>>> print(open('query-v3.pdb').read())   # PDB, C-alpha atoms, pLDDT in the B column
MODEL        1
ATOM      1  CA  MET A  26     108.098 118.934  91.183  1.00 47.00           C
ATOM      2  CA  SER A  27     110.119 115.786  90.541  1.00 63.00           C
ATOM      3  CA  HIS A  28     109.127 113.762  87.502  1.00 77.00           C
ATOM      4  CA  ILE A  29     108.631 110.763  89.825  1.00 81.00           C
ATOM      5  CA  HIS A  30     105.076 111.011  91.102  1.00 90.00           C
ATOM      6  CA  ILE A  31     101.601 109.459  90.912  1.00 95.00           C
ATOM      7  CA  ASP A  32      98.331 111.349  90.575  1.00 96.00           C
ATOM      8  CA  VAL A  33      94.960 109.613  90.965  1.00 97.00           C
ATOM      9  CA  ASN A  34      91.744 111.599  90.634  1.00 97.00           C
ATOM     10  CA  ASP A  35      88.214 110.287  91.315  1.00 97.00           C
ATOM     11  CA  LEU A  36      89.182 106.674  90.614  1.00 97.00           C
ATOM     12  CA  THR A  37      86.351 104.156  90.377  1.00 95.00           C
ATOM     13  CA  PHE A  38      86.446 100.480  89.453  1.00 95.00           C
ATOM     14  CA  SER A  39      84.075  97.530  89.366  1.00 93.00           C
ATOM     15  CA  TYR A  40      84.384  93.975  88.093  1.00 86.00           C
ATOM     16  CA  ASN A  41      80.709  94.087  87.166  1.00 80.00           C
ATOM     17  CA  LYS A  42      77.808  96.510  87.571  1.00 73.00           C
ATOM     18  CA  ASN A  43      76.795  95.014  90.888  1.00 75.00           C
ATOM     19  CA  ASN A  44      80.267  94.900  92.429  1.00 81.00           C
ATOM     20  CA  GLN A  45      81.769  98.355  93.016  1.00 87.00           C
ATOM     21  CA  VAL A  46      85.313  97.755  94.268  1.00 92.00           C
ATOM     22  CA  LEU A  47      86.766 101.288  94.323  1.00 95.00           C
ATOM     23  CA  SER A  48      84.902 104.565  94.515  1.00 94.00           C
ATOM     24  CA  GLY A  49      85.958 108.232  94.417  1.00 94.00           C
ATOM     25  CA  ILE A  50      89.637 107.746  95.251  1.00 96.00           C
ATOM     26  CA  ASP A  51      91.971 110.757  95.138  1.00 97.00           C
ATOM     27  CA  PHE A  52      95.602 109.851  95.802  1.00 96.00           C
ATOM     28  CA  HIS A  53      98.871 111.670  95.161  1.00 96.00           C
ATOM     29  CA  VAL A  54     102.423 110.486  95.797  1.00 95.00           C
ATOM     30  CA  SER A  55     105.702 112.340  95.311  1.00 91.00           C
ATOM     31  CA  GLU A  56     109.290 111.174  94.963  1.00 85.00           C
ATOM     32  CA  ASP A  57     110.882 109.512  98.019  1.00 85.00           C
ATOM     33  CA  GLU A  58     107.498 108.874  99.664  1.00 93.00           C
ATOM     34  CA  SER A  59     106.877 105.503 101.264  1.00 95.00           C
ATOM     35  CA  VAL A  60     103.160 104.816 101.591  1.00 97.00           C
ATOM     36  CA  GLY A  61     101.483 101.925 103.364  1.00 97.00           C
ATOM     37  CA  ILE A  62      98.043 100.809 102.224  1.00 97.00           C
ATOM     38  CA  ILE A  63      96.042  99.039 104.924  1.00 97.00           C
ATOM     39  CA  GLY A  64      92.509  97.775 105.386  1.00 95.00           C
ATOM     40  CA  ALA A  65      90.496  94.655 106.082  1.00 93.00           C
ATOM     41  CA  ASN A  66      90.086  91.887 103.514  1.00 90.00           C
ATOM     42  CA  GLY A  67      88.019  93.110 100.595  1.00 89.00           C
ATOM     43  CA  ALA A  68      88.807  96.789 101.174  1.00 92.00           C
ATOM     44  CA  GLY A  69      90.257  97.124  97.661  1.00 92.00           C
ATOM     45  CA  LYS A  70      93.980  97.336  98.448  1.00 93.00           C
ATOM     46  CA  SER A  71      95.266  94.768  95.959  1.00 91.00           C
ATOM     47  CA  THR A  72      92.894  95.964  93.240  1.00 93.00           C
ATOM     48  CA  PHE A  73      94.169  99.505  93.724  1.00 95.00           C
ATOM     49  CA  LEU A  74      97.778  98.391  93.226  1.00 93.00           C
ATOM     50  CA  LYS A  75      96.841  96.317  90.181  1.00 92.00           C
ATOM     51  CA  ILE A  76      95.248  99.363  88.591  1.00 95.00           C
ATOM     52  CA  LEU A  77      98.307 101.524  89.240  1.00 95.00           C
ATOM     53  CA  VAL A  78     100.582  98.985  87.562  1.00 93.00           C
ATOM     54  CA  GLY A  79      98.200  98.541  84.637  1.00 92.00           C
ATOM     55  CA  LEU A  80      96.869  95.050  85.340  1.00 92.00           C
ATOM     56  CA  GLU A  81      93.312  96.431  85.391  1.00 92.00           C
ATOM     57  CA  LEU A  82      92.635  99.173  82.857  1.00 92.00           C
ATOM     58  CA  ASN A  83      88.837  99.309  82.788  1.00 92.00           C
ATOM     59  CA  PHE A  84      88.595 102.004  85.442  1.00 94.00           C
ATOM     60  CA  GLY A  85      86.875 105.358  85.728  1.00 94.00           C
ATOM     61  CA  GLY A  86      88.583 108.605  86.660  1.00 96.00           C
ATOM     62  CA  GLU A  87      92.167 109.553  85.926  1.00 96.00           C
ATOM     63  CA  VAL A  88      95.501 107.917  86.772  1.00 96.00           C
ATOM     64  CA  ARG A  89      98.792 109.537  85.756  1.00 96.00           C
ATOM     65  CA  ILE A  90     102.211 107.990  86.307  1.00 94.00           C
ATOM     66  CA  GLU A  91     105.000 110.539  85.907  1.00 91.00           C
ATOM     67  CA  GLU A  92     102.669 112.762  83.845  1.00 89.00           C
ATOM     68  CA  MET A  93     101.712 109.862  81.553  1.00 94.00           C
ATOM     69  CA  PRO A  94      98.004 108.930  81.523  1.00 95.00           C
ATOM     70  CA  LEU A  95      97.574 105.263  82.380  1.00 95.00           C
ATOM     71  CA  ASN A  96      96.200 103.634  79.237  1.00 94.00           C
ATOM     72  CA  LYS A  97      96.912 100.696  76.966  1.00 93.00           C
ATOM     73  CA  GLN A  98      98.994 102.735  74.522  1.00 94.00           C
ATOM     74  CA  LEU A  99     101.400 104.079  77.156  1.00 94.00           C
ATOM     75  CA  LEU A 100     101.460 100.960  79.324  1.00 93.00           C
ATOM     76  CA  PRO A 101     104.862  99.674  78.052  1.00 90.00           C
ATOM     77  CA  LYS A 102     106.503 103.008  78.957  1.00 91.00           C
ATOM     78  CA  ILE A 103     104.756 103.139  82.314  1.00 92.00           C
ATOM     79  CA  ARG A 104     105.842  99.619  83.233  1.00 88.00           C
ATOM     80  CA  GLU A 105     109.450 100.608  82.643  1.00 88.00           C
ATOM     81  CA  LYS A 106     109.030 102.957  85.613  1.00 90.00           C
ATOM     82  CA  ILE A 107     107.357 100.541  88.053  1.00 93.00           C
ATOM     83  CA  GLY A 108     108.442  97.334  89.717  1.00 92.00           C
ATOM     84  CA  TYR A 109     105.587  95.219  91.085  1.00 93.00           C
ATOM     85  CA  VAL A 110     106.114  92.378  93.549  1.00 92.00           C
ATOM     86  CA  PHE A 111     103.171  89.980  93.551  1.00 88.00           C
ATOM     87  CA  GLN A 112     101.762  88.575  96.768  1.00 86.00           C
ATOM     88  CA  ASP A 113     102.319  85.060  95.400  1.00 86.00           C
ATOM     89  CA  SER A 114     105.947  84.729  94.286  1.00 87.00           C
ATOM     90  CA  ASP A 115     105.096  81.688  92.166  1.00 86.00           C
ATOM     91  CA  SER A 116     103.096  84.039  89.934  1.00 85.00           C
ATOM     92  CA  GLN A 117     106.265  86.051  89.282  1.00 87.00           C
ATOM     93  CA  LEU A 118     109.059  83.499  88.993  1.00 91.00           C
ATOM     94  CA  PHE A 119     109.039  81.233  85.952  1.00 91.00           C
ATOM     95  CA  MET A 120     112.633  80.570  84.879  1.00 92.00           C
ATOM     96  CA  THR A 121     114.757  77.638  86.029  1.00 92.00           C
ATOM     97  CA  THR A 122     117.306  79.417  88.216  1.00 95.00           C
ATOM     98  CA  VAL A 123     117.526  82.595  90.273  1.00 96.00           C
ATOM     99  CA  GLU A 124     120.066  84.077  87.889  1.00 96.00           C
ATOM    100  CA  GLU A 125     117.848  83.472  84.856  1.00 96.00           C
ATOM    101  CA  ASP A 126     114.794  85.019  86.508  1.00 96.00           C
ATOM    102  CA  VAL A 127     116.648  88.174  87.576  1.00 96.00           C
ATOM    103  CA  ALA A 128     118.228  88.504  84.120  1.00 96.00           C
ATOM    104  CA  PHE A 129     114.989  87.971  82.207  1.00 94.00           C
ATOM    105  CA  ALA A 130     113.644  91.548  82.157  1.00 92.00           C
ATOM    106  CA  PRO A 131     116.925  93.348  81.329  1.00 93.00           C
ATOM    107  CA  ARG A 132     117.650  90.778  78.630  1.00 93.00           C
ATOM    108  CA  ASN A 133     114.105  91.029  77.280  1.00 90.00           C
ATOM    109  CA  TYR A 134     114.543  94.788  76.943  1.00 87.00           C
ATOM    110  CA  GLY A 135     117.545  94.169  74.725  1.00 90.00           C
ATOM    111  CA  LEU A 136     120.261  95.433  77.034  1.00 92.00           C
ATOM    112  CA  PRO A 137     123.858  94.402  76.202  1.00 95.00           C
ATOM    113  CA  GLU A 138     124.912  91.208  77.935  1.00 95.00           C
ATOM    114  CA  ASP A 139     127.574  92.942  80.026  1.00 95.00           C
ATOM    115  CA  GLU A 140     124.905  95.366  81.310  1.00 96.00           C
ATOM    116  CA  VAL A 141     122.568  92.440  82.037  1.00 95.00           C
ATOM    117  CA  GLU A 142     125.340  90.815  84.067  1.00 96.00           C
ATOM    118  CA  ARG A 143     126.030  94.043  85.956  1.00 96.00           C
ATOM    119  CA  ARG A 144     122.363  94.511  86.818  1.00 96.00           C
ATOM    120  CA  VAL A 145     121.875  90.912  87.940  1.00 96.00           C
ATOM    121  CA  SER A 146     124.881  91.085  90.243  1.00 96.00           C
ATOM    122  CA  ALA A 147     123.804  94.451  91.657  1.00 95.00           C
ATOM    123  CA  ALA A 148     120.206  93.338  92.299  1.00 95.00           C
ATOM    124  CA  LEU A 149     121.242  90.101  93.995  1.00 96.00           C
ATOM    125  CA  GLU A 150     123.731  91.963  96.159  1.00 94.00           C
ATOM    126  CA  GLN A 151     121.141  94.610  97.032  1.00 90.00           C
ATOM    127  CA  VAL A 152     118.767  91.986  98.460  1.00 91.00           C
ATOM    128  CA  ARG A 153     121.656  90.003  99.961  1.00 90.00           C
ATOM    129  CA  ILE A 154     121.048  86.765  98.050  1.00 93.00           C
ATOM    130  CA  SER A 155     124.114  86.527  95.814  1.00 95.00           C
ATOM    131  CA  HIS A 156     124.709  83.073  97.281  1.00 95.00           C
ATOM    132  CA  LEU A 157     121.444  81.881  95.693  1.00 95.00           C
ATOM    133  CA  ARG A 158     122.437  82.931  92.180  1.00 95.00           C
ATOM    134  CA  LYS A 159     122.774  79.454  90.679  1.00 95.00           C
ATOM    135  CA  LYS A 160     120.043  77.818  92.763  1.00 95.00           C
ATOM    136  CA  SER A 161     116.920  76.340  91.173  1.00 95.00           C
ATOM    137  CA  ILE A 162     113.721  78.236  91.860  1.00 94.00           C
ATOM    138  CA  TYR A 163     111.900  75.096  93.017  1.00 92.00           C
ATOM    139  CA  GLN A 164     114.514  74.599  95.753  1.00 93.00           C
ATOM    140  CA  LEU A 165     113.867  77.964  97.363  1.00 92.00           C
ATOM    141  CA  SER A 166     111.854  78.622 100.492  1.00 89.00           C
ATOM    142  CA  GLY A 167     108.890  80.976 100.398  1.00 86.00           C
ATOM    143  CA  GLY A 168     110.968  83.759 101.931  1.00 86.00           C
ATOM    144  CA  GLU A 169     113.793  83.253  99.451  1.00 90.00           C
ATOM    145  CA  LYS A 170     111.332  83.395  96.558  1.00 92.00           C
ATOM    146  CA  LYS A 171     110.041  86.726  97.862  1.00 90.00           C
ATOM    147  CA  LEU A 172     113.559  88.170  97.856  1.00 92.00           C
ATOM    148  CA  VAL A 173     114.235  86.820  94.363  1.00 94.00           C
ATOM    149  CA  SER A 174     110.991  88.426  93.173  1.00 94.00           C
ATOM    150  CA  LEU A 175     112.207  91.738  94.554  1.00 93.00           C
ATOM    151  CA  ALA A 176     115.565  91.285  92.826  1.00 95.00           C
ATOM    152  CA  THR A 177     113.810  90.702  89.483  1.00 95.00           C
ATOM    153  CA  ILE A 178     112.280  94.176  89.634  1.00 93.00           C
ATOM    154  CA  LEU A 179     115.346  95.920  91.069  1.00 94.00           C
ATOM    155  CA  SER A 180     117.340  94.672  88.075  1.00 94.00           C
ATOM    156  CA  MET A 181     115.290  97.126  85.988  1.00 92.00           C
ATOM    157  CA  THR A 182     116.191 100.060  88.301  1.00 91.00           C
ATOM    158  CA  PRO A 183     112.573 101.263  88.615  1.00 92.00           C
ATOM    159  CA  ASP A 184     111.485 104.705  89.808  1.00 91.00           C
ATOM    160  CA  MET A 185     108.740 103.113  91.903  1.00 93.00           C
ATOM    161  CA  ILE A 186     108.154  99.772  93.578  1.00 94.00           C
ATOM    162  CA  PHE A 187     104.767  98.365  94.553  1.00 95.00           C
ATOM    163  CA  LEU A 188     104.580  95.402  96.921  1.00 94.00           C
ATOM    164  CA  ASP A 189     101.468  93.373  97.758  1.00 93.00           C
ATOM    165  CA  GLU A 190     101.739  91.697 101.210  1.00 91.00           C
ATOM    166  CA  PRO A 191     105.554  91.487 101.037  1.00 91.00           C
ATOM    167  CA  SER A 192     106.092  90.092 104.529  1.00 89.00           C
ATOM    168  CA  ALA A 193     103.890  87.024 103.941  1.00 83.00           C
ATOM    169  CA  ALA A 194     105.894  83.773 104.147  1.00 75.00           C
ATOM    170  CA  LEU A 195     108.967  85.521 105.554  1.00 84.00           C
ATOM    171  CA  ASP A 196     110.743  84.245 108.630  1.00 86.00           C
ATOM    172  CA  PRO A 197     111.912  86.895 111.154  1.00 89.00           C
ATOM    173  CA  ARG A 198     115.409  87.143 109.679  1.00 87.00           C
ATOM    174  CA  ASN A 199     114.259  87.626 106.089  1.00 86.00           C
ATOM    175  CA  ARG A 200     111.552  90.007 107.274  1.00 89.00           C
ATOM    176  CA  ARG A 201     114.184  92.216 108.939  1.00 90.00           C
ATOM    177  CA  ASN A 202     116.315  91.940 105.813  1.00 88.00           C
ATOM    178  CA  LEU A 203     113.436  93.064 103.597  1.00 90.00           C
ATOM    179  CA  ILE A 204     112.703  96.037 105.860  1.00 92.00           C
ATOM    180  CA  LYS A 205     116.330  97.188 105.555  1.00 91.00           C
ATOM    181  CA  ILE A 206     116.246  96.764 101.765  1.00 90.00           C
ATOM    182  CA  LEU A 207     113.029  98.745 101.383  1.00 92.00           C
ATOM    183  CA  ASN A 208     114.208 101.517 103.689  1.00 92.00           C
ATOM    184  CA  GLY A 209     117.320 101.828 101.545  1.00 89.00           C
ATOM    185  CA  PHE A 210     115.343 102.188  98.308  1.00 86.00           C
ATOM    186  CA  GLU A 211     115.044 105.761  97.088  1.00 82.00           C
ATOM    187  CA  HIS A 212     112.028 107.030  95.173  1.00 85.00           C
ATOM    188  CA  VAL A 213     108.410 105.859  95.578  1.00 93.00           C
ATOM    189  CA  LYS A 214     107.290 102.797  97.539  1.00 95.00           C
ATOM    190  CA  LEU A 215     103.687 101.608  97.885  1.00 96.00           C
ATOM    191  CA  ILE A 216     103.126  98.651 100.204  1.00 96.00           C
ATOM    192  CA  THR A 217      99.898  96.819 101.029  1.00 95.00           C
ATOM    193  CA  SER A 218      99.967  94.642 104.108  1.00 93.00           C
ATOM    194  CA  HIS A 219      97.972  93.245 107.012  1.00 92.00           C
ATOM    195  CA  ASP A 220     101.256  93.299 108.946  1.00 93.00           C
ATOM    196  CA  LEU A 221     100.895  96.715 110.552  1.00 95.00           C
ATOM    197  CA  ASP A 222     104.274  96.473 112.266  1.00 95.00           C
ATOM    198  CA  PHE A 223     105.873  95.991 108.843  1.00 95.00           C
ATOM    199  CA  ILE A 224     104.089  99.087 107.537  1.00 96.00           C
ATOM    200  CA  TRP A 225     105.165 101.036 110.596  1.00 95.00           C
ATOM    201  CA  ASP A 226     108.790 100.054 110.005  1.00 95.00           C
ATOM    202  CA  THR A 227     108.818 100.923 106.289  1.00 95.00           C
ATOM    203  CA  CYS A 228     106.291 103.687 105.588  1.00 96.00           C
ATOM    204  CA  LYS A 229     106.115 107.230 106.932  1.00 95.00           C
ATOM    205  CA  ARG A 230     102.666 107.733 105.424  1.00 97.00           C
ATOM    206  CA  THR A 231      99.692 105.355 105.500  1.00 97.00           C
ATOM    207  CA  VAL A 232      96.286 105.299 103.837  1.00 97.00           C
ATOM    208  CA  LEU A 233      93.410 103.269 105.266  1.00 97.00           C
ATOM    209  CA  MET A 234      90.916 101.774 102.842  1.00 96.00           C
ATOM    210  CA  ALA A 235      87.413 100.567 103.679  1.00 95.00           C
ATOM    211  CA  GLU A 236      84.774  99.393 101.221  1.00 92.00           C
ATOM    212  CA  GLY A 237      86.733 100.773  98.295  1.00 93.00           C
ATOM    213  CA  ARG A 238      87.287 104.260  99.699  1.00 95.00           C
ATOM    214  CA  LEU A 239      90.186 106.057 101.349  1.00 95.00           C
ATOM    215  CA  ILE A 240      89.094 107.049 104.831  1.00 94.00           C
ATOM    216  CA  TYR A 241      92.459 108.095 106.272  1.00 96.00           C
ATOM    217  CA  ASP A 242      95.603 109.498 104.666  1.00 96.00           C
ATOM    218  CA  GLY A 243      98.332 110.786 106.935  1.00 96.00           C
ATOM    219  CA  PRO A 244     101.300 109.987 109.170  1.00 97.00           C
ATOM    220  CA  THR A 245     101.754 106.282 109.873  1.00 96.00           C
ATOM    221  CA  ASP A 246     102.492 106.906 113.544  1.00 95.00           C
ATOM    222  CA  ASP A 247      99.139 108.628 114.051  1.00 96.00           C
ATOM    223  CA  ILE A 248      96.950 105.877 112.617  1.00 96.00           C
ATOM    224  CA  MET A 249      98.905 103.049 114.209  1.00 95.00           C
ATOM    225  CA  ARG A 250      98.085 104.534 117.614  1.00 94.00           C
ATOM    226  CA  ASN A 251      94.415 105.185 116.777  1.00 95.00           C
ATOM    227  CA  GLU A 252      92.942 101.987 118.173  1.00 94.00           C
ATOM    228  CA  SER A 253      89.315 103.022 117.746  1.00 95.00           C
ATOM    229  CA  LEU A 254      89.729 103.811 114.021  1.00 95.00           C
ATOM    230  CA  LEU A 255      91.589 100.563 113.423  1.00 95.00           C
ATOM    231  CA  LEU A 256      88.978  98.498 115.265  1.00 95.00           C
ATOM    232  CA  GLU A 257      86.137 100.206 113.385  1.00 95.00           C
ATOM    233  CA  ASN A 258      87.749  99.001 110.169  1.00 95.00           C
ATOM    234  CA  GLY A 259      88.525  95.402 111.073  1.00 93.00           C
ATOM    235  CA  LEU A 260      92.126  95.936 112.185  1.00 94.00           C
ATOM    236  CA  GLU A 261      94.009  95.863 115.460  1.00 92.00           C
ATOM    237  CA  LEU A 262      96.876  97.813 116.945  1.00 92.00           C
ATOM    238  CA  PRO A 263     100.335  96.728 115.762  1.00 92.00           C
ATOM    239  CA  LEU A 264     101.695  93.885 117.873  1.00 87.00           C
ATOM    240  CA  SER A 265     104.520  96.065 119.124  1.00 86.00           C
ATOM    241  CA  LEU A 266     101.960  98.415 120.693  1.00 83.00           C
ATOM    242  CA  GLN A 267      99.816  95.601 122.075  1.00 80.00           C
ATOM    243  CA  GLN A 268     102.815  94.310 123.987  1.00 62.00           C
ATOM    244  CA  ARG A 269     103.518  97.620 125.693  1.00 51.00           C
TER     245      ARG A 269
ENDMDL
END
>>> encode(input="query-v3.pdb", output="structure tokens")
Amino acid sequence: MSHIHIDVNDLTFSYNKNNQVLSGIDFHVSEDESVGIIGANGAGKSTFLKILVGLELNFGGEVRIEEMPLNKQLLPKIREKIGYVFQDSDSQLFMTTVEEDVAFAPRNYGLPEDEVERRVSAALEQVRISHLRKKSIYQLSGGEKKLVSLATILSMTPDMIFLDEPSAALDPRNRRNLIKILNGFEHVKLITSHDLDFIWDTCKRTVLMAEGRLIYDGPTDDIMRNESLLLENGLELPLSLQQR
């Protein structure tokens, strides 16, 4: 087995005793897998991602990232392996310019300045926004901010990337660009989205969440064509199928 994998066993989580958010989740991902996470609002998708990246640690059950148990002591090492793109880019970008934001993590980890420069240039080129390098963050569109947020995590060359609603605020051109970028990323990808066409275009495997449980885990093509299961869980067929 590759060292790049995620193992989740009997995961439970609640914000308080009367609000069970996740219950009895078993989930396993291997290297090179691209997994979409879908479900209606309140299904637990974003909370699940936040737990996997260590933003919520008060959970029950077991989570292991590359054989490391997810806990406070190992969190710095685990976060070196994972890049997480927030749904709201303004929660992720905080420096003055694009260049400074993309350089922040490599520089913060104490990498030599020539390596920081190499990584910044490579990340910006990978997401096709080298032309934005010197631009102020406040001047960017919502779609441009999303791509910069992705570049900030790619500059750390992660083994895994998690994205929460990545197609939100993207125009058609940037959406197509992001799909190409994600499909070119090797290793693990986890993507939550209400945009089922986006999931279909980027993920070979999809899990469906409802009321904090996984109720489907299998090929994306199968669930995207299962209209009755989607409707039962507050979703609709992808637009590309509705138009056929």
>>> resolve_selection(input="query-v3.pdb", expression="the PyMOL selection byres ((chain A and resi 179-186) around 9)", output="PyMOL selection string")
chain A and resi 29-30+56+104-110+127-128+130-131+141+143-149+151+174-178+187-188+210-216
>>> resolve_selection(input="query-v3.pdb", expression="the PyMOL selection byres ((chain A and resi 33) around 12)", output="PyMOL selection string")
chain A and resi 30-32+34-37+48-55+73-74+76-77+84-95+239
>>> closest_residue(input="query-v3.pdb", among="A:Gln45, A:Gln164, A:Asn133, A:Val173", to="Ala68 in chain A", atoms="all atoms listed in the file")
A:Gln45
>>> resolve_selection(input="query-v3.pdb", expression="the PyMOL selection byres ((chain A and resi 205) around 12)", output="JSON, numbers by chain")
{"A": [151, 152, 153, 198, 199, 200, 201, 202, 203, 204, 206, 207, 208, 209, 210, 223, 226, 227, 228]}
>>> residues_near_point(input="query-v3.pdb", point="(90.4, 94.3, 103.0)", cutoff="12 Å", atoms="all atoms listed in the file", output="PDB file with C-alpha atoms, in the coordinates of the input")
ATOM      1  CA  VAL A  46      85.313  97.755  94.268  1.00 92.00           C
ATOM      2  CA  LEU A  47      86.766 101.288  94.323  1.00 95.00           C
ATOM      3  CA  ILE A  62      98.043 100.809 102.224  1.00 97.00           C
ATOM      4  CA  ILE A  63      96.042  99.039 104.924  1.00 97.00           C
ATOM      5  CA  GLY A  64      92.509  97.775 105.386  1.00 95.00           C
ATOM      6  CA  ALA A  65      90.496  94.655 106.082  1.00 93.00           C
ATOM      7  CA  ASN A  66      90.086  91.887 103.514  1.00 90.00           C
ATOM      8  CA  GLY A  67      88.019  93.110 100.595  1.00 89.00           C
ATOM      9  CA  ALA A  68      88.807  96.789 101.174  1.00 92.00           C
ATOM     10  CA  GLY A  69      90.257  97.124  97.661  1.00 92.00           C
ATOM     11  CA  LYS A  70      93.980  97.336  98.448  1.00 93.00           C
ATOM     12  CA  SER A  71      95.266  94.768  95.959  1.00 91.00           C
ATOM     13  CA  THR A  72      92.894  95.964  93.240  1.00 93.00           C
ATOM     14  CA  PHE A  73      94.169  99.505  93.724  1.00 95.00           C
ATOM     15  CA  GLU A 190     101.739  91.697 101.210  1.00 91.00           C
ATOM     16  CA  THR A 217      99.898  96.819 101.029  1.00 95.00           C
ATOM     17  CA  SER A 218      99.967  94.642 104.108  1.00 93.00           C
ATOM     18  CA  HIS A 219      97.972  93.245 107.012  1.00 92.00           C
ATOM     19  CA  LEU A 233      93.410 103.269 105.266  1.00 97.00           C
ATOM     20  CA  MET A 234      90.916 101.774 102.842  1.00 96.00           C
ATOM     21  CA  ALA A 235      87.413 100.567 103.679  1.00 95.00           C
ATOM     22  CA  GLU A 236      84.774  99.393 101.221  1.00 92.00           C
ATOM     23  CA  GLY A 237      86.733 100.773  98.295  1.00 93.00           C
ATOM     24  CA  ARG A 238      87.287 104.260  99.699  1.00 95.00           C
ATOM     25  CA  LEU A 239      90.186 106.057 101.349  1.00 95.00           C
ATOM     26  CA  ASN A 258      87.749  99.001 110.169  1.00 95.00           C
ATOM     27  CA  GLY A 259      88.525  95.402 111.073  1.00 93.00           C
ATOM     28  CA  LEU A 260      92.126  95.936 112.185  1.00 94.00           C
TER      29      LEU A 260
END
>>> residues_around(input="query-v3.pdb", residues="Glu261 in chain A", least_positions_apart="5", cutoff="9 Å", atoms="all atoms listed in the file", output="number ranges by chain")
A: 221, 249, 252-253, 255-256, 267
>>> write_last_selection(input="query-v3.pdb", atoms="C-alpha atoms", output="tab-separated table (two decimals), keeping the file's coordinate frame")
chain	number	residue	atom	x	y	z
A	221	LEU	CA	100.90	96.72	110.55
A	249	MET	CA	98.90	103.05	114.21
A	252	GLU	CA	92.94	101.99	118.17
A	253	SER	CA	89.32	103.02	117.75
A	255	LEU	CA	91.59	100.56	113.42
A	256	LEU	CA	88.98	98.50	115.26
A	267	GLN	CA	99.82	95.60	122.08
>>> atom_distance(input="query-v3.pdb", atom1="CA of Leu172 in chain A", atom2="CA of Ser116 in chain A")
13.8 Å
>>> atom_distance(input="query-v3.pdb", atom1="CA of Asp113 in chain A", atom2="CA of Val78 in chain A")
16.1 Å
>>> residues_around(input="query-v3.pdb", residues="Lys171 in chain A", least_positions_apart="6", cutoff="9 Å", atoms="all atoms listed in the file", output="list of chain:residue names")
A:Val110, A:Phe111, A:Gln112, A:Asp113, A:Ser114, A:Pro191, A:Ser192, A:Ala193, A:Ala194, A:Leu195
>>> atom_distance(input="query-v3.pdb", atom1="CA of Lys42 in chain A", atom2="CA of Gly79 in chain A")
20.7 Å
>>> closest_residue(input="query-v3.pdb", among="A:Gly61, A:Ser166, A:Ser39, A:Val123", to="Asp246 in chain A", atoms="only C-alpha atoms")
A:Gly61
>>> build_atoms(input="query-v3.pdb", residues="range 112-125 of chain A", atoms="N, CA and C atoms", output="PDB file, in the frame of the given file")
ATOM      1  N   GLN A 112     101.922  89.233  95.473  1.00 86.00           N
ATOM      2  CA  GLN A 112     101.762  88.575  96.768  1.00 86.00           C
ATOM      3  C   GLN A 112     102.226  87.125  96.695  1.00 86.00           C
ATOM      4  N   ASP A 113     101.920  86.454  95.603  1.00 86.00           N
ATOM      5  CA  ASP A 113     102.319  85.060  95.400  1.00 86.00           C
ATOM      6  C   ASP A 113     103.547  85.037  94.492  1.00 86.00           C
ATOM      7  N   SER A 114     104.705  84.715  95.059  1.00 87.00           N
ATOM      8  CA  SER A 114     105.947  84.729  94.286  1.00 87.00           C
ATOM      9  C   SER A 114     105.924  83.751  93.130  1.00 87.00           C
ATOM     10  N   ASP A 115     105.163  82.668  93.254  1.00 86.00           N
ATOM     11  CA  ASP A 115     105.096  81.688  92.166  1.00 86.00           C
ATOM     12  C   ASP A 115     104.420  82.260  90.923  1.00 86.00           C
ATOM     13  N   SER A 116     103.696  83.377  91.095  1.00 85.00           N
ATOM     14  CA  SER A 116     103.096  84.039  89.934  1.00 85.00           C
ATOM     15  C   SER A 116     104.110  84.912  89.199  1.00 85.00           C
ATOM     16  N   GLN A 117     105.272  85.130  89.827  1.00 87.00           N
ATOM     17  CA  GLN A 117     106.265  86.051  89.282  1.00 87.00           C
ATOM     18  C   GLN A 117     107.506  85.341  88.762  1.00 87.00           C
ATOM     19  N   LEU A 118     107.827  84.208  89.348  1.00 91.00           N
ATOM     20  CA  LEU A 118     109.059  83.499  88.993  1.00 91.00           C
ATOM     21  C   LEU A 118     108.723  82.339  88.069  1.00 91.00           C
ATOM     22  N   PHE A 119     109.404  82.259  86.932  1.00 91.00           N
ATOM     23  CA  PHE A 119     109.039  81.233  85.952  1.00 91.00           C
ATOM     24  C   PHE A 119     110.238  80.630  85.233  1.00 91.00           C
ATOM     25  N   MET A 120     111.442  81.140  85.497  1.00 92.00           N
ATOM     26  CA  MET A 120     112.633  80.570  84.879  1.00 92.00           C
ATOM     27  C   MET A 120     113.171  79.440  85.754  1.00 92.00           C
ATOM     28  N   THR A 121     114.236  78.806  85.311  1.00 92.00           N
ATOM     29  CA  THR A 121     114.757  77.638  86.029  1.00 92.00           C
ATOM     30  C   THR A 121     115.570  78.021  87.250  1.00 92.00           C
ATOM     31  N   THR A 122     116.424  79.027  87.116  1.00 95.00           N
ATOM     32  CA  THR A 122     117.306  79.417  88.216  1.00 95.00           C
ATOM     33  C   THR A 122     117.082  80.868  88.615  1.00 95.00           C
ATOM     34  N   VAL A 123     117.606  81.217  89.777  1.00 96.00           N
ATOM     35  CA  VAL A 123     117.526  82.595  90.273  1.00 96.00           C
ATOM     36  C   VAL A 123     118.161  83.554  89.282  1.00 96.00           C
ATOM     37  N   GLU A 124     119.341  83.222  88.826  1.00 96.00           N
ATOM     38  CA  GLU A 124     120.066  84.077  87.889  1.00 96.00           C
ATOM     39  C   GLU A 124     119.253  84.348  86.624  1.00 96.00           C
ATOM     40  N   GLU A 125     118.625  83.315  86.086  1.00 96.00           N
ATOM     41  CA  GLU A 125     117.848  83.472  84.856  1.00 96.00           C
ATOM     42  C   GLU A 125     116.622  84.344  85.078  1.00 96.00           C
TER      43      GLU A 125
END
